[in-house]
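Structure, as structure tokens:
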Amino acid sequence: MLVTGSEVLVPARQGGYGVGSFNTNDLEITQAILRTADRLNAPVMVQISEGARKYAGTEDLGHLVADLASRVRVPVALHLDHGSSYASALSAMRAGFTSVMIDMSHLPFEDNVRETKRVVEAAHAMGVTVEAEIGRLGGVEEHVSVDAADAFLTDPDEAERFYQATQVDYLAIAIGTSHGAYKGKGRPFIDHARIEKVAARIPIPLVAHGSSGVPAWVVERLRAAGGEIGDAQGIADEDLSRATKHGIAKVNVDTDLRLAFTVGVREVLEAAPAEFDPRKILGPARDLMAKIVEHKMGVLGSVGRV
């Protein structure tokens, strides 16, 4: 069933667990997410980026997710990921999204507040909930590209002022995670003390972007199937689990699904180069992505919460 973001995230913040917010681009990814959530009785968010909307048709992918969400028993929020403008957020709301992100974190504080307030006012009038961001994550994700020198962690006092000024429903904070498959050397850093400080100042659900784990088994199978990937590093499971105990309620995952999808396709085509049935090529990819979703839901503690 389709619900707002707050309907799945507020209970998570209060209960000390996390809800996976998984990016989708097509039918197979969406099925992997929703079927797994339904089987595990786990609340979930399915998020669509502006790039995915452009790829699949401005309204088509959202309608697909909404239709499939109406057929499962668990609560599902349909979320716009990294909305880059008021117009983009409004377009998503009109297309049936129940949650939107307005990302103006690259702007000065007062400009971020002003643009976020515009979206919050429109969204709340339409029964939609809103995510914004304060602080800047490093890494690359579609139109979001931030060099390490330009990334900075969220200041707890600034986060509190931002929340009070905007009344946003949930807030993405920079805590040391980053977008993409290359999150640093060794064990990527998460500032747990910073999460606790922010959570002590604002009562709303907090959001962790760039939270893929980049599992070693996926990387190994990708390389074995002829894929090329460098020294990829992800966020440790224990770090994510700990973060959910202290206020992180929404955990974004995209890279892990992309890697699993690629592994599934490559393995089929390597083993059967004459295969041209899309169902036989994409089916195994869907199964691998479901495995990723199941693992992440277990790490976040959302299994059996419905």
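Residue numbering restarts at 1 in every chain; chains get A, B, ... in the order shown in the structure tokens, and ligands count up from 1 in that same order.
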Using only C-alpha atoms, what does the table of stretch 149-261 of chain A residues within 7 Å of stretch 99-118 of chain A look like, with each row giving the shortest atom pair and its distance in Å to one decimal, sorted by chain and ascending number, as JSON lines?
```
{"residue": "A:Phe162", "atom": "CA", "partner": "A:Val113", "partner_atom": "CA", "distance": 6.4}
{"residue": "A:Ala165", "atom": "CA", "partner": "A:Val113", "partner_atom": "CA", "distance": 6.8}
{"residue": "A:Thr166", "atom": "CA", "partner": "A:Lys117", "partner_atom": "CA", "distance": 5.0}
```
Residues of stretch 189-274 of chain A that have any atom at most 6 Å from an atom of stretch 151-161 of chain A: could you tabulate them with the shortest-distance atom pair and the distance in Å to one decimal, using only C-alpha atoms, ordered by chain and increasing number, as a Markdown table?
```
| residue | atom | partner | partner_atom | distance |
| --- | --- | --- | --- | --- |
| A:Val198 | CA | A:Pro156 | CA | 4.7 |
| A:Arg201 | CA | A:Glu160 | CA | 5.9 |
| A:Ile202 | CA | A:Glu160 | CA | 5.9 |
```
Legend entry - Contacts of A:Arg221 within 10 Å, only C-alpha atoms, excl. fewer than 6 positions in-chain, as a ChimeraX atom specification: /A:227,259-260,262-264,266-267
Take the residues from that selection and write them out as a compact mmCIF listing (two decimals), in the first residue's frame, keeping N, CA and C atoms.
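Just written: result.txt:
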```txt
# COMPACT_ATOMS: atom_id res chain seq x y z
N GLY A 227 33.70 -8.07 -15.44
CA GLY A 227 33.47 -6.66 -15.14
C GLY A 227 34.73 -6.00 -14.59
N LEU A 259 25.22 -2.91 -8.88
CA LEU A 259 26.27 -3.93 -8.98
C LEU A 259 25.67 -5.32 -9.12
N ALA A 260 24.65 -5.62 -8.29
CA ALA A 260 24.03 -6.94 -8.35
C ALA A 260 23.34 -7.15 -9.70
N THR A 262 24.21 -5.85 -12.56
CA THR A 262 25.25 -6.05 -13.57
C THR A 262 25.84 -7.45 -13.46
N VAL A 263 26.05 -7.92 -12.23
CA VAL A 263 26.57 -9.28 -12.05
C VAL A 263 25.63 -10.30 -12.66
N GLY A 264 24.32 -10.18 -12.37
CA GLY A 264 23.35 -11.14 -12.88
C GLY A 264 23.34 -11.20 -14.39
N ARG A 266 25.78 -10.14 -16.52
CA ARG A 266 27.07 -10.60 -17.04
C ARG A 266 27.23 -12.10 -16.91
N GLU A 267 26.82 -12.66 -15.80
CA GLU A 267 26.99 -14.10 -15.59
C GLU A 267 26.18 -14.90 -16.59
```
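Distance-wise, atom CA of A:Gly304 and atom CA of A:Val8 end up 13.1 Å apart.
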Inset, instruction - Per DSSP on the backbone, filter stretch 59-270 of chain A down to the residues in alpha helix (DSSP H) and report them as a PyMOL selection string. - result: chain A and resi 60-69+86-94+109-125+156-166+192-201+216-224+237-244+255-270
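Residues in contact with stretch 45-47 of chain A at 8 Å, where only C-alpha atoms are counted and same-chain residues fewer than 5 positions away are skipped, are listed as Gly5, Val19, Gly20, Ser21, Phe22, Asn23, Thr24, Thr30, Ile33, Val65, Val76, Ala77, Leu78, His79, Leu80 and Asp81 of chain A.
Proximity to A:Tyr17 at 8 Å, evaluated using only C-alpha atoms and with sequence-adjacent residues fewer than 3 positions away removed, yields Ala12, Arg13, Ser241, Thr244, Lys245, Ile248, Ala249, Leu300, Gly301 and Ser302 of chain A.
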Keeping only C-alpha atoms, write the selected residues to a file as a compact mmCIF listing (two decimals), in the first residue's frame.
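Final file, again.txt:
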```
# COMPACT_ATOMS: atom_id res chain seq x y z
CA ALA A 12 11.44 3.83 12.54
CA ARG A 13 12.94 6.83 14.33
CA SER A 241 22.96 -0.87 12.31
CA THR A 244 19.75 3.41 13.15
CA LYS A 245 19.80 3.13 16.93
CA ILE A 248 19.02 7.44 11.22
CA ALA A 249 15.64 6.19 9.99
CA LEU A 300 18.58 -2.08 9.35
CA GLY A 301 16.24 -4.04 11.61
CA SER A 302 13.12 -3.41 9.53
```
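Closest approach to A:Arg71 among A:Val128, A:Arg94, A:Leu40, A:Met1: A:Met1, based on only C-alpha atoms.
Atom CA of A:Gln233 to atom CA of A:Ile204 spans 29.5 Å [interatomic distance, one decimal].
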Legend entry - 7 Å contact set for A:Ser211, only C-alpha atoms, chain neighbours under 3 positions out, as a PyMOL selection string: chain A and resi 177+208+235+251-253
Inset, instruction - From a DSSP pass on the backbone, collect the residues of stretch 18-255 of chain A flagged as strand (DSSP E) and hand them back as a ChimeraX atom specification. - result: /A:19-23,44-49,76-83,99-102,129-134,139-141,144-146,170-173,206-208,248-253
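In terms of minimum interatomic distance to A:Ala285, A:Val218 ranks closest within A:Ala69, A:Met126, A:Ala89, A:Val218, counting only C-alpha atoms.
Counting from atom CA of A:Ala66, the distance to atom CA of A:Ser6 is 16.9 Å.
For A:Leu34, the list of residues within 8 Å, based on only C-alpha atoms and with local chain neighbours fewer than 5 positions off taken out, reads Val44, Leu68, Ala69 and Val72 of chain A.
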Residues as selected, C-alpha atoms, written as a PDB file, in the first residue's frame, can you do that?
```pdb
ATOM      1  CA  VAL A  44      10.111   0.279   2.514  1.00  0.00           C
ATOM      2  CA  LEU A  68       2.954  -2.558  -7.776  1.00  0.00           C
ATOM      3  CA  ALA A  69       2.914  -0.951  -4.326  1.00  0.00           C
ATOM      4  CA  VAL A  72       1.614  -5.590  -1.531  1.00  0.00           C
TER       5      VAL A  72
END
```
